[in-house]
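> Just dropping this structure here.
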Amino acid sequence: MSKKLKCTIRRDDLRKMVPLADSTIYEMEKRGEFPKRFNLTSRCVVWDQEEVEAWIEARKTAENVDKTPGPDVRKRKTRPVRQLAAA
């Protein structure tokens, strides 16, 4: 029986895969909404690549993703004026 070698990714590779701020990833990890990082050494933090890829695939099909609502344009007092470019 052979064990499958797990691939890990460091922060730079994670940023390429998931374009979120470090603070956003940290908060999502604390809430259990993102795969947890782990230490290979005292100074090297990594994520399991399979877990991150599975998280990305799940997000593609997720319908309950919290979306920040845009501003209610009906509450604005004036309409923005569009500036024409100088010729």
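All residue names refer to the structure tokens as shown: chains lettered A, B, ... in order, residues numbered from 1 in each chain, ligands numbered from 1 in order.
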Taking the DSSP secondary structure from the backbone, can you list the residues of segment 16-81 of chain A that are alpha helix (DSSP H), as a count of residues only?
25
> Excluding segment 13-17 of chain A and its own-chain neighbours fewer than 3 positions away, which residues fall within 9 Å of it when counting only C-alpha atoms? Please give them as a ChimeraX atom specification.
/A:9-10,20-22,46-47,49,52-53,56
> Let me make sure I understand: among A:Lys36, A:Ala62, A:Thr24, A:Arg82, which one has the smallest atom-to-atom distance to Glu50 of chain A if we use only C-alpha atoms?
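Going through A:Lys36, A:Ala62, A:Thr24, A:Arg82 one by one, the smallest distance to Glu50 of chain A is for A:Lys36.
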> Which parts of chain A does DSSP call strand (DSSP E) when run on the backbone here, written out as a PyMOL selection string?
chain A and resi 8-9+38-41+44-48
> Please, could you write that set of residues out with C-alpha atoms as a CSV table (one decimal), in the first residue's frame?

```csv
chain,number,residue,atom,x,y,z
A,8,THR,CA,1.5,21.8,-0.3
A,9,ILE,CA,1.5,25.5,-1.4
A,38,PHE,CA,-0.3,24.4,9.0
A,39,ASN,CA,3.4,24.7,9.9
A,40,LEU,CA,6.0,22.7,8.1
A,41,THR,CA,8.6,24.3,10.3
A,44,CYS,CA,7.2,27.9,7.0
A,45,VAL,CA,3.4,28.0,6.7
A,46,VAL,CA,1.6,26.0,4.0
A,47,TRP,CA,-1.8,25.0,2.8
A,48,ASP,CA,-2.8,21.6,1.4
```
> For Glu29 of chain A, which residue among A:Asp12, A:Pro80, A:Val73, A:Trp55 is the nearest when counting only C-alpha atoms?
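Among A:Asp12, A:Pro80, A:Val73, A:Trp55, it is A:Trp55 that comes nearest to Glu29 of chain A.
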> So how many Å separate atom CA of Gly70 of chain A and atom CA of Arg31 of chain A, to one decimal?
24.1 Å
